[in-house]
$ cat protein04.pdb   # PDB, C-alpha atoms
MODEL        1
ATOM      1  CA  MET A 250      98.675 118.115  84.350  1.00  0.00           C
ATOM      2  CA  ILE A 251      95.250 116.770  85.128  1.00  0.00           C
ATOM      3  CA  SER A 252      93.060 119.746  85.989  1.00  0.00           C
ATOM      4  CA  GLN A 253      92.788 120.572  89.725  1.00  0.00           C
ATOM      5  CA  SER A 254      94.827 117.494  90.703  1.00  0.00           C
ATOM      6  CA  CYS A 255      97.305 119.289  92.979  1.00  0.00           C
ATOM      7  CA  LEU A 256      96.568 120.094  96.604  1.00  0.00           C
ATOM      8  CA  LEU A 257      98.073 122.721  98.847  1.00  0.00           C
ATOM      9  CA  ILE A 258      97.439 122.322 102.557  1.00  0.00           C
ATOM     10  CA  GLU A 259      98.213 124.609 105.462  1.00  0.00           C
ATOM     11  CA  SER A 260      98.603 123.198 108.950  1.00  0.00           C
ATOM     12  CA  LYS A 261     100.903 123.180 111.969  1.00  0.00           C
ATOM     13  CA  LYS A 262      99.962 119.528 112.494  1.00  0.00           C
ATOM     14  CA  PHE A 263     102.889 117.993 110.544  1.00  0.00           C
ATOM     15  CA  PRO A 264     106.145 119.045 112.234  1.00  0.00           C
ATOM     16  CA  ILE A 265     109.603 117.734 111.437  1.00  0.00           C
ATOM     17  CA  GLN A 266     109.994 114.276 112.994  1.00  0.00           C
ATOM     18  CA  PRO A 267     112.949 113.306 115.224  1.00  0.00           C
ATOM     19  CA  GLY A 268     115.745 112.021 112.985  1.00  0.00           C
ATOM     20  CA  GLU A 269     114.016 113.176 109.789  1.00  0.00           C
ATOM     21  CA  ASP A 270     116.923 115.478 108.941  1.00  0.00           C
ATOM     22  CA  GLN A 271     119.154 112.392 108.650  1.00  0.00           C
ATOM     23  CA  GLU A 272     116.581 110.656 106.380  1.00  0.00           C
ATOM     24  CA  ILE A 273     115.946 113.362 103.828  1.00  0.00           C
ATOM     25  CA  THR A 274     118.031 113.695 100.692  1.00  0.00           C
ATOM     26  CA  ASN A 275     117.036 117.219  99.718  1.00  0.00           C
ATOM     27  CA  GLU A 276     117.641 119.771 102.460  1.00  0.00           C
ATOM     28  CA  ARG A 277     114.436 121.038 104.172  1.00  0.00           C
ATOM     29  CA  MET A 278     112.133 118.763 102.132  1.00  0.00           C
ATOM     30  CA  TYR A 279     110.115 117.394 105.052  1.00  0.00           C
ATOM     31  CA  GLY A 280     106.905 115.382 105.048  1.00  0.00           C
ATOM     32  CA  LYS A 281     107.302 112.224 107.112  1.00  0.00           C
ATOM     33  CA  ALA A 282     104.616 113.280 109.627  1.00  0.00           C
ATOM     34  CA  LEU A 283     102.222 113.984 106.753  1.00  0.00           C
ATOM     35  CA  CYS A 284     102.927 110.562 105.203  1.00  0.00           C
ATOM     36  CA  THR A 285     102.309 108.827 108.529  1.00  0.00           C
ATOM     37  CA  TYR A 286      99.043 110.738 108.936  1.00  0.00           C
ATOM     38  CA  LEU A 287      97.811 109.753 105.458  1.00  0.00           C
ATOM     39  CA  GLN A 288      98.901 106.134 105.937  1.00  0.00           C
ATOM     40  CA  GLU A 289      96.648 106.045 108.997  1.00  0.00           C
ATOM     41  CA  HIS A 290      93.650 108.021 107.652  1.00  0.00           C
ATOM     42  CA  LEU A 291      93.291 107.122 103.952  1.00  0.00           C
ATOM     43  CA  PRO A 292      92.439 103.417 104.484  1.00  0.00           C
ATOM     44  CA  ARG A 293      89.330 104.566 106.401  1.00  0.00           C
ATOM     45  CA  ALA A 294      88.183 106.173 103.126  1.00  0.00           C
ATOM     46  CA  GLY A 295      89.003 103.169 100.923  1.00  0.00           C
ATOM     47  CA  VAL A 296      92.522 104.131  99.821  1.00  0.00           C
ATOM     48  CA  ASN A 297      95.277 101.759 100.918  1.00  0.00           C
ATOM     49  CA  VAL A 298      98.779 103.065 101.597  1.00  0.00           C
ATOM     50  CA  PRO A 299     101.268 100.176 101.238  1.00  0.00           C
ATOM     51  CA  PHE A 300     104.343 102.306 101.939  1.00  0.00           C
ATOM     52  CA  PHE A 301     106.025 105.678 101.789  1.00  0.00           C
ATOM     53  CA  CYS A 302     109.641 106.712 101.421  1.00  0.00           C
ATOM     54  CA  ASN A 303     111.887 109.707 101.066  1.00  0.00           C
ATOM     55  CA  GLU A 304     113.023 110.672  97.575  1.00  0.00           C
ATOM     56  CA  ASP A 305     115.582 113.245  96.505  1.00  0.00           C
ATOM     57  CA  TRP A 306     112.800 115.744  95.660  1.00  0.00           C
ATOM     58  CA  GLY A 307     110.422 115.059  98.593  1.00  0.00           C
ATOM     59  CA  TRP A 308     108.287 112.128  99.777  1.00  0.00           C
ATOM     60  CA  TRP A 309     106.630 109.306  97.802  1.00  0.00           C
ATOM     61  CA  LEU A 310     103.390 107.909  99.266  1.00  0.00           C
ATOM     62  CA  GLU A 311     102.119 104.831  97.398  1.00  0.00           C
ATOM     63  CA  VAL A 312      98.303 104.646  97.208  1.00  0.00           C
ATOM     64  CA  GLU A 313      95.882 102.020  95.915  1.00  0.00           C
ATOM     65  CA  ARG A 314      92.143 102.302  95.342  1.00  0.00           C
ATOM     66  CA  GLY A 315      90.726  99.062  93.991  1.00  0.00           C
ATOM     67  CA  ASP A 316      92.904  98.074  91.023  1.00  0.00           C
ATOM     68  CA  PHE A 317      94.180 101.622  90.530  1.00  0.00           C
ATOM     69  CA  LYS A 318      97.671 102.458  91.818  1.00  0.00           C
ATOM     70  CA  MET A 319      99.658 105.670  91.872  1.00  0.00           C
ATOM     71  CA  ALA A 320     101.620 107.743  94.352  1.00  0.00           C
ATOM     72  CA  LEU A 321     101.242 111.096  96.006  1.00  0.00           C
ATOM     73  CA  CYS A 322     104.341 113.238  95.648  1.00  0.00           C
ATOM     74  CA  ILE A 323     104.659 115.356  98.769  1.00  0.00           C
ATOM     75  CA  TYR A 324     106.678 118.541  99.012  1.00  0.00           C
ATOM     76  CA  SER A 325     107.084 120.863 101.985  1.00  0.00           C
ATOM     77  CA  ASP A 326     107.255 124.608 101.573  1.00  0.00           C
ATOM     78  CA  PRO A 327     110.810 125.269 100.360  1.00  0.00           C
ATOM     79  CA  GLU A 328     110.753 128.728 101.983  1.00  0.00           C
ATOM     80  CA  ALA A 329     109.813 127.444 105.452  1.00  0.00           C
ATOM     81  CA  GLU A 330     112.058 128.293 108.356  1.00  0.00           C
ATOM     82  CA  GLY A 331     111.739 125.512 110.919  1.00  0.00           C
ATOM     83  CA  ASN A 332     108.592 123.380 110.832  1.00  0.00           C
ATOM     84  CA  PRO A 333     106.796 123.676 107.481  1.00  0.00           C
ATOM     85  CA  GLU A 334     103.177 124.822 107.628  1.00  0.00           C
ATOM     86  CA  LYS A 335     102.433 124.337 103.915  1.00  0.00           C
ATOM     87  CA  TYR A 336     102.658 121.167 101.866  1.00  0.00           C
ATOM     88  CA  ALA A 337     101.964 120.419  98.218  1.00  0.00           C
ATOM     89  CA  LEU A 338     100.569 117.032  97.188  1.00  0.00           C
ATOM     90  CA  MET A 339     100.658 116.026  93.531  1.00  0.00           C
ATOM     91  CA  PRO A 340      99.685 112.772  91.841  1.00  0.00           C
ATOM     92  CA  SER A 341     102.521 110.763  90.308  1.00  0.00           C
ATOM     93  CA  ILE A 342     100.342 110.447  87.185  1.00  0.00           C
ATOM     94  CA  ASP A 343     100.152 113.799  85.463  1.00  0.00           C
ATOM     95  CA  LYS A 344      98.658 112.870  82.083  1.00  0.00           C
ATOM     96  CA  GLU A 345      94.985 112.010  81.533  1.00  0.00           C
ATOM     97  CA  THR A 346      95.831 108.782  79.730  1.00  0.00           C
ATOM     98  CA  LYS A 347      98.479 106.119  80.187  1.00  0.00           C
ATOM     99  CA  TRP A 348      99.487 103.032  78.279  1.00  0.00           C
ATOM    100  CA  SER A 349      97.899  99.748  79.384  1.00  0.00           C
ATOM    101  CA  TRP A 350      99.760  96.634  78.287  1.00  0.00           C
ATOM    102  CA  SER A 351      96.852  94.404  79.323  1.00  0.00           C
ATOM    103  CA  ARG A 352      94.462  96.368  77.063  1.00  0.00           C
ATOM    104  CA  PHE A 353      97.165  97.229  74.525  1.00  0.00           C
ATOM    105  CA  ARG A 354      95.967 100.817  74.230  1.00  0.00           C
ATOM    106  CA  ARG A 355      95.936 104.113  76.100  1.00  0.00           C
ATOM    107  CA  VAL A 356      93.352 104.322  78.877  1.00  0.00           C
ATOM    108  CA  ASP A 357      91.879 107.361  80.587  1.00  0.00           C
ATOM    109  CA  VAL A 358      93.020 107.474  84.220  1.00  0.00           C
ATOM    110  CA  SER A 359      91.995 111.066  84.952  1.00  0.00           C
ATOM    111  CA  LYS A 360      88.834 110.023  86.808  1.00  0.00           C
ATOM    112  CA  ASP A 361      90.810 107.626  89.014  1.00  0.00           C
ATOM    113  CA  VAL A 362      93.422 110.282  89.799  1.00  0.00           C
ATOM    114  CA  SER A 363      90.727 112.856  90.563  1.00  0.00           C
ATOM    115  CA  ALA A 364      88.827 110.400  92.777  1.00  0.00           C
ATOM    116  CA  VAL A 365      91.903 109.735  94.896  1.00  0.00           C
ATOM    117  CA  MET A 366      92.691 113.444  95.143  1.00  0.00           C
ATOM    118  CA  ASP A 367      89.054 114.101  96.160  1.00  0.00           C
ATOM    119  CA  ILE A 368      89.408 111.594  99.009  1.00  0.00           C
ATOM    120  CA  VAL A 369      92.678 113.163 100.139  1.00  0.00           C
ATOM    121  CA  GLU A 370      91.089 116.622 100.017  1.00  0.00           C
ATOM    122  CA  ARG A 371      88.086 115.463 102.083  1.00  0.00           C
ATOM    123  CA  THR A 372      90.419 113.827 104.609  1.00  0.00           C
ATOM    124  CA  PHE A 373      92.218 117.113 105.190  1.00  0.00           C
ATOM    125  CA  ALA A 374      89.042 119.221 105.053  1.00  0.00           C
ATOM    126  CA  SER A 375      87.479 117.138 107.824  1.00  0.00           C
ATOM    127  CA  ASP A 376      90.454 117.711 110.136  1.00  0.00           C
ATOM    128  CA  LYS A 377      90.018 120.836 112.264  1.00  0.00           C
ATOM    129  CA  ASP A 378      93.820 121.120 112.605  1.00  0.00           C
ATOM    130  CA  VAL A 379      94.207 121.685 108.853  1.00  0.00           C
ATOM    131  CA  SER A 380      93.478 125.370 108.314  1.00  0.00           C
ATOM    132  CA  ALA A 381      93.318 125.402 104.492  1.00  0.00           C
ATOM    133  CA  VAL A 382      93.053 122.969 101.592  1.00  0.00           C
ATOM    134  CA  THR A 383      93.104 124.326  98.038  1.00  0.00           C
ATOM    135  CA  ARG A 384      93.138 122.712  94.586  1.00  0.00           C
ATOM    136  CA  HIS A 385      95.538 123.765  91.827  1.00  0.00           C
ATOM    137  CA  ASP A 386      96.247 122.910  88.205  1.00  0.00           C
ATOM    138  CA  ASP A 387      99.995 122.746  88.763  1.00  0.00           C
ATOM    139  CA  PHE A 388     102.705 122.767  91.427  1.00  0.00           C
ATOM    140  CA  PRO A 389     101.650 125.505  93.873  1.00  0.00           C
ATOM    141  CA  PHE A 390     105.123 126.495  95.148  1.00  0.00           C
TER
ENDMDL
END

$ encode --input "protein04.pdb" --output "structure tokens"
Amino acid sequence: MISQSCLLIESKKFPIQPGEDQEITNERMYGKALCTYLQEHLPRAGVNVPFFCNEDWGWWLEVERGDFKMALCIYSDPEAEGNPEKYALMPSIDKETKWSWSRFRRVDVSKDVSAVMDIVERTFASDKDVSAVTRHDDFPF
């Protein structure tokens, strides 16, 4: 994992959405309200969010910053009873380098990943309804 690239947030702001139980593949893996929130707020900080969708493990939120693209993998607290109050956000890119066919070599993407995660962290930290935002080296649940 890229150091400190995982976020754990605590908030009552992202409840289960009507009909979300019929959308999710993995029981109690909520996050639609959080995806909608980020799709609205991240573009104000220069990160576009073309789409999000439910996956069998959680939620996939596509993000773009300039030419850099990745996704945020969003997981709700698996121990939550009712509305989750904790969510983990991890970058879809977990290695510091990745292969670039256009450059025909491995390129360092760790700074791009960290920059996006910094923006996401600041977005949550500036919201008074988010009670805690912490960084982690790995999956926090």

$ resolve_selection --input "protein04.pdb" --expression "the PyMOL selection byres ((chain A and resi 367-377) around 12)" --output "PDB file with C-alpha atoms, keeping the file's coordinate frame"
ATOM      1  CA  GLN A 253      92.788 120.572  89.725  1.00  0.00           C
ATOM      2  CA  SER A 254      94.827 117.494  90.703  1.00  0.00           C
ATOM      3  CA  CYS A 255      97.305 119.289  92.979  1.00  0.00           C
ATOM      4  CA  LEU A 256      96.568 120.094  96.604  1.00  0.00           C
ATOM      5  CA  LEU A 257      98.073 122.721  98.847  1.00  0.00           C
ATOM      6  CA  ILE A 258      97.439 122.322 102.557  1.00  0.00           C
ATOM      7  CA  GLU A 259      98.213 124.609 105.462  1.00  0.00           C
ATOM      8  CA  SER A 260      98.603 123.198 108.950  1.00  0.00           C
ATOM      9  CA  LYS A 261     100.903 123.180 111.969  1.00  0.00           C
ATOM     10  CA  LYS A 262      99.962 119.528 112.494  1.00  0.00           C
ATOM     11  CA  PHE A 263     102.889 117.993 110.544  1.00  0.00           C
ATOM     12  CA  LEU A 283     102.222 113.984 106.753  1.00  0.00           C
ATOM     13  CA  CYS A 284     102.927 110.562 105.203  1.00  0.00           C
ATOM     14  CA  TYR A 286      99.043 110.738 108.936  1.00  0.00           C
ATOM     15  CA  LEU A 287      97.811 109.753 105.458  1.00  0.00           C
ATOM     16  CA  GLN A 288      98.901 106.134 105.937  1.00  0.00           C
ATOM     17  CA  GLU A 289      96.648 106.045 108.997  1.00  0.00           C
ATOM     18  CA  HIS A 290      93.650 108.021 107.652  1.00  0.00           C
ATOM     19  CA  LEU A 291      93.291 107.122 103.952  1.00  0.00           C
ATOM     20  CA  PRO A 292      92.439 103.417 104.484  1.00  0.00           C
ATOM     21  CA  ARG A 293      89.330 104.566 106.401  1.00  0.00           C
ATOM     22  CA  ALA A 294      88.183 106.173 103.126  1.00  0.00           C
ATOM     23  CA  GLY A 295      89.003 103.169 100.923  1.00  0.00           C
ATOM     24  CA  VAL A 296      92.522 104.131  99.821  1.00  0.00           C
ATOM     25  CA  ASN A 297      95.277 101.759 100.918  1.00  0.00           C
ATOM     26  CA  VAL A 298      98.779 103.065 101.597  1.00  0.00           C
ATOM     27  CA  LEU A 310     103.390 107.909  99.266  1.00  0.00           C
ATOM     28  CA  VAL A 312      98.303 104.646  97.208  1.00  0.00           C
ATOM     29  CA  GLU A 313      95.882 102.020  95.915  1.00  0.00           C
ATOM     30  CA  ARG A 314      92.143 102.302  95.342  1.00  0.00           C
ATOM     31  CA  ALA A 320     101.620 107.743  94.352  1.00  0.00           C
ATOM     32  CA  LEU A 321     101.242 111.096  96.006  1.00  0.00           C
ATOM     33  CA  TYR A 336     102.658 121.167 101.866  1.00  0.00           C
ATOM     34  CA  ALA A 337     101.964 120.419  98.218  1.00  0.00           C
ATOM     35  CA  LEU A 338     100.569 117.032  97.188  1.00  0.00           C
ATOM     36  CA  MET A 339     100.658 116.026  93.531  1.00  0.00           C
ATOM     37  CA  PRO A 340      99.685 112.772  91.841  1.00  0.00           C
ATOM     38  CA  SER A 359      91.995 111.066  84.952  1.00  0.00           C
ATOM     39  CA  LYS A 360      88.834 110.023  86.808  1.00  0.00           C
ATOM     40  CA  ASP A 361      90.810 107.626  89.014  1.00  0.00           C
ATOM     41  CA  VAL A 362      93.422 110.282  89.799  1.00  0.00           C
ATOM     42  CA  SER A 363      90.727 112.856  90.563  1.00  0.00           C
ATOM     43  CA  ALA A 364      88.827 110.400  92.777  1.00  0.00           C
ATOM     44  CA  VAL A 365      91.903 109.735  94.896  1.00  0.00           C
ATOM     45  CA  MET A 366      92.691 113.444  95.143  1.00  0.00           C
ATOM     46  CA  ASP A 378      93.820 121.120 112.605  1.00  0.00           C
ATOM     47  CA  VAL A 379      94.207 121.685 108.853  1.00  0.00           C
ATOM     48  CA  SER A 380      93.478 125.370 108.314  1.00  0.00           C
ATOM     49  CA  ALA A 381      93.318 125.402 104.492  1.00  0.00           C
ATOM     50  CA  VAL A 382      93.053 122.969 101.592  1.00  0.00           C
ATOM     51  CA  THR A 383      93.104 124.326  98.038  1.00  0.00           C
ATOM     52  CA  ARG A 384      93.138 122.712  94.586  1.00  0.00           C
ATOM     53  CA  HIS A 385      95.538 123.765  91.827  1.00  0.00           C
TER      54      HIS A 385
END

$ atom_distance --input "protein04.pdb" --atom1 "atom CA of Phe390 of chain A" --atom2 "atom CA of Tyr324 of chain A"
9.0 Å

$ atom_distance --input "protein04.pdb" --atom1 "atom CA of Gly307 of chain A" --atom2 "atom CA of Gly268 of chain A"
15.6 Å

$ atom_distance --input "protein04.pdb" --atom1 "atom CA of Met319 of chain A" --atom2 "atom CA of Gln266 of chain A"
25.0 Å

$ residues_around --input "protein04.pdb" --residues "Val356 of chain A" --least-positions-apart "5" --cutoff "7 Å" --atoms "only C-alpha atoms" --output "JSON, numbers by chain"
{"A": [346, 347, 348, 349]}

$ axis_aligned_box --input "protein04.pdb" --around "segment 364-372 of chain A" --padding-each-side "6 Å" --output "JSON"
{"center_x": 90.4, "center_y": 113.2, "center_z": 98.7, "size_x": 16.6, "size_y": 18.9, "size_z": 23.8}

$ resolve_selection --input "protein04.pdb" --expression "the PyMOL selection byres ((chain A and resi 280) around 7)" --output "list in words"
Met278, Tyr279, Lys281, Ala282, Leu283, Cys284, Trp308, Ile323, Tyr324 and Ser325 of chain A

$ closest_residue --input "protein04.pdb" --among "A:Asp316, A:Glu272, A:Asp357, A:Glu304" --to "Ile251 of chain A" --atoms "all atoms listed in the file"
A:Asp357
